[in-house]
Amino acid sequence: MKERILSSGPARSAAQGKYEYLVLSVNPGESIAAARQRVREHSEYGKWELERSRLYMGGVRRYWLRRKVMVVERTA
């Protein structure tokens, strides 16, 4: 399983908020149960939410997870 983190670009509007994305790629030989477990772990411990899942020809699966970017302003 391959993981890749992407950040949202400036094209996103302020109304939608800014998100960072994690893309999980699963090879055809890997089990779906293992992929579900990985998505579950990321969502539970990393505060990610599943945005999209896709099955490609050849059996490759790809899962897009996202979470809101927290902008913290300095107070002092």
# chains A, B, ... in the order shown; residues from 1 in each chain; ligands from 1
$ residues_around --residues "A:Arg62" --least-positions-apart "4" --cutoff "6 Å" --atoms "only C-alpha atoms" --output "list in words"
Leu24, Ser25, Ser53 and Arg54 of chain A
$ residues_around --residues "A:Arg67" --least-positions-apart "3" --cutoff "9 Å" --atoms "only C-alpha atoms" --output "PyMOL selection string"
chain A and resi 18-22+46-49
$ select_by_dssp --residues "chain A" --states "strand (DSSP E or B)" --output "JSON, numbers by chain"
{"A": [2, 3, 4, 5, 6, 7, 19, 20, 21, 22, 23, 24, 25, 26, 49, 50, 51, 52, 53, 54, 55, 61, 62, 63, 64, 65, 66, 67, 68]}
$ atom_distance --atom1 "atom CA of A:Met70" --atom2 "atom CA of A:Arg38"
23.4 Å
$ select_by_dssp --residues "stretch 1-69 of chain A" --states "alpha helix (DSSP H)" --output "list in words"
Ile32, Ala33, Ala34, Ala35, Arg36, Gln37, Arg38, Val39, Arg40, Glu41, His42, Ser43, Glu44 and Tyr45 of chain A
$ write_last_selection --atoms "N, CA and C atoms" --output "PDB file, in the first residue's frame"
ATOM      1  N   ILE A  32      -8.865  -6.421   0.513  1.00  0.00           N
ATOM      2  CA  ILE A  32      -9.729  -5.282   0.775  1.00  0.00           C
ATOM      3  C   ILE A  32      -9.834  -5.058   2.282  1.00  0.00           C
ATOM      4  N   ALA A  33      -9.804  -6.129   3.050  1.00  0.00           N
ATOM      5  CA  ALA A  33      -9.877  -6.007   4.506  1.00  0.00           C
ATOM      6  C   ALA A  33      -8.691  -5.209   5.052  1.00  0.00           C
ATOM      7  N   ALA A  34      -7.497  -5.444   4.504  1.00  0.00           N
ATOM      8  CA  ALA A  34      -6.314  -4.690   4.940  1.00  0.00           C
ATOM      9  C   ALA A  34      -6.439  -3.215   4.562  1.00  0.00           C
ATOM     10  N   ALA A  35      -6.988  -2.948   3.379  1.00  0.00           N
ATOM     11  CA  ALA A  35      -7.184  -1.565   2.948  1.00  0.00           C
ATOM     12  C   ALA A  35      -8.200  -0.858   3.832  1.00  0.00           C
ATOM     13  N   ARG A  36      -9.292  -1.533   4.165  1.00  0.00           N
ATOM     14  CA  ARG A  36     -10.296  -0.948   5.053  1.00  0.00           C
ATOM     15  C   ARG A  36      -9.713  -0.665   6.430  1.00  0.00           C
ATOM     16  N   GLN A  37      -8.897  -1.583   6.925  1.00  0.00           N
ATOM     17  CA  GLN A  37      -8.261  -1.387   8.219  1.00  0.00           C
ATOM     18  C   GLN A  37      -7.368  -0.158   8.199  1.00  0.00           C
ATOM     19  N   ARG A  38      -6.612   0.043   7.132  1.00  0.00           N
ATOM     20  CA  ARG A  38      -5.730   1.206   7.020  1.00  0.00           C
ATOM     21  C   ARG A  38      -6.529   2.496   6.982  1.00  0.00           C
ATOM     22  N   VAL A  39      -7.626   2.519   6.207  1.00  0.00           N
ATOM     23  CA  VAL A  39      -8.487   3.709   6.141  1.00  0.00           C
ATOM     24  C   VAL A  39      -9.100   3.974   7.511  1.00  0.00           C
ATOM     25  N   ARG A  40      -9.535   2.944   8.186  1.00  0.00           N
ATOM     26  CA  ARG A  40     -10.131   3.086   9.513  1.00  0.00           C
ATOM     27  C   ARG A  40      -9.130   3.666  10.512  1.00  0.00           C
ATOM     28  N   GLU A  41      -7.889   3.195  10.478  1.00  0.00           N
ATOM     29  CA  GLU A  41      -6.863   3.698  11.388  1.00  0.00           C
ATOM     30  C   GLU A  41      -6.576   5.175  11.137  1.00  0.00           C
ATOM     31  N   HIS A  42      -6.471   5.550   9.859  1.00  0.00           N
ATOM     32  CA  HIS A  42      -6.214   6.955   9.537  1.00  0.00           C
ATOM     33  C   HIS A  42      -7.368   7.842   9.989  1.00  0.00           C
ATOM     34  N   SER A  43      -8.593   7.384   9.806  1.00  0.00           N
ATOM     35  CA  SER A  43      -9.738   8.208  10.182  1.00  0.00           C
ATOM     36  C   SER A  43      -9.872   8.318  11.698  1.00  0.00           C
ATOM     37  N   GLU A  44      -9.561   7.259  12.410  1.00  0.00           N
ATOM     38  CA  GLU A  44      -9.723   7.278  13.855  1.00  0.00           C
ATOM     39  C   GLU A  44      -8.612   8.052  14.554  1.00  0.00           C
ATOM     40  N   TYR A  45      -7.367   7.793  14.191  1.00  0.00           N
ATOM     41  CA  TYR A  45      -6.240   8.384  14.902  1.00  0.00           C
ATOM     42  C   TYR A  45      -5.719   9.664  14.263  1.00  0.00           C
TER      43      TYR A  45
END
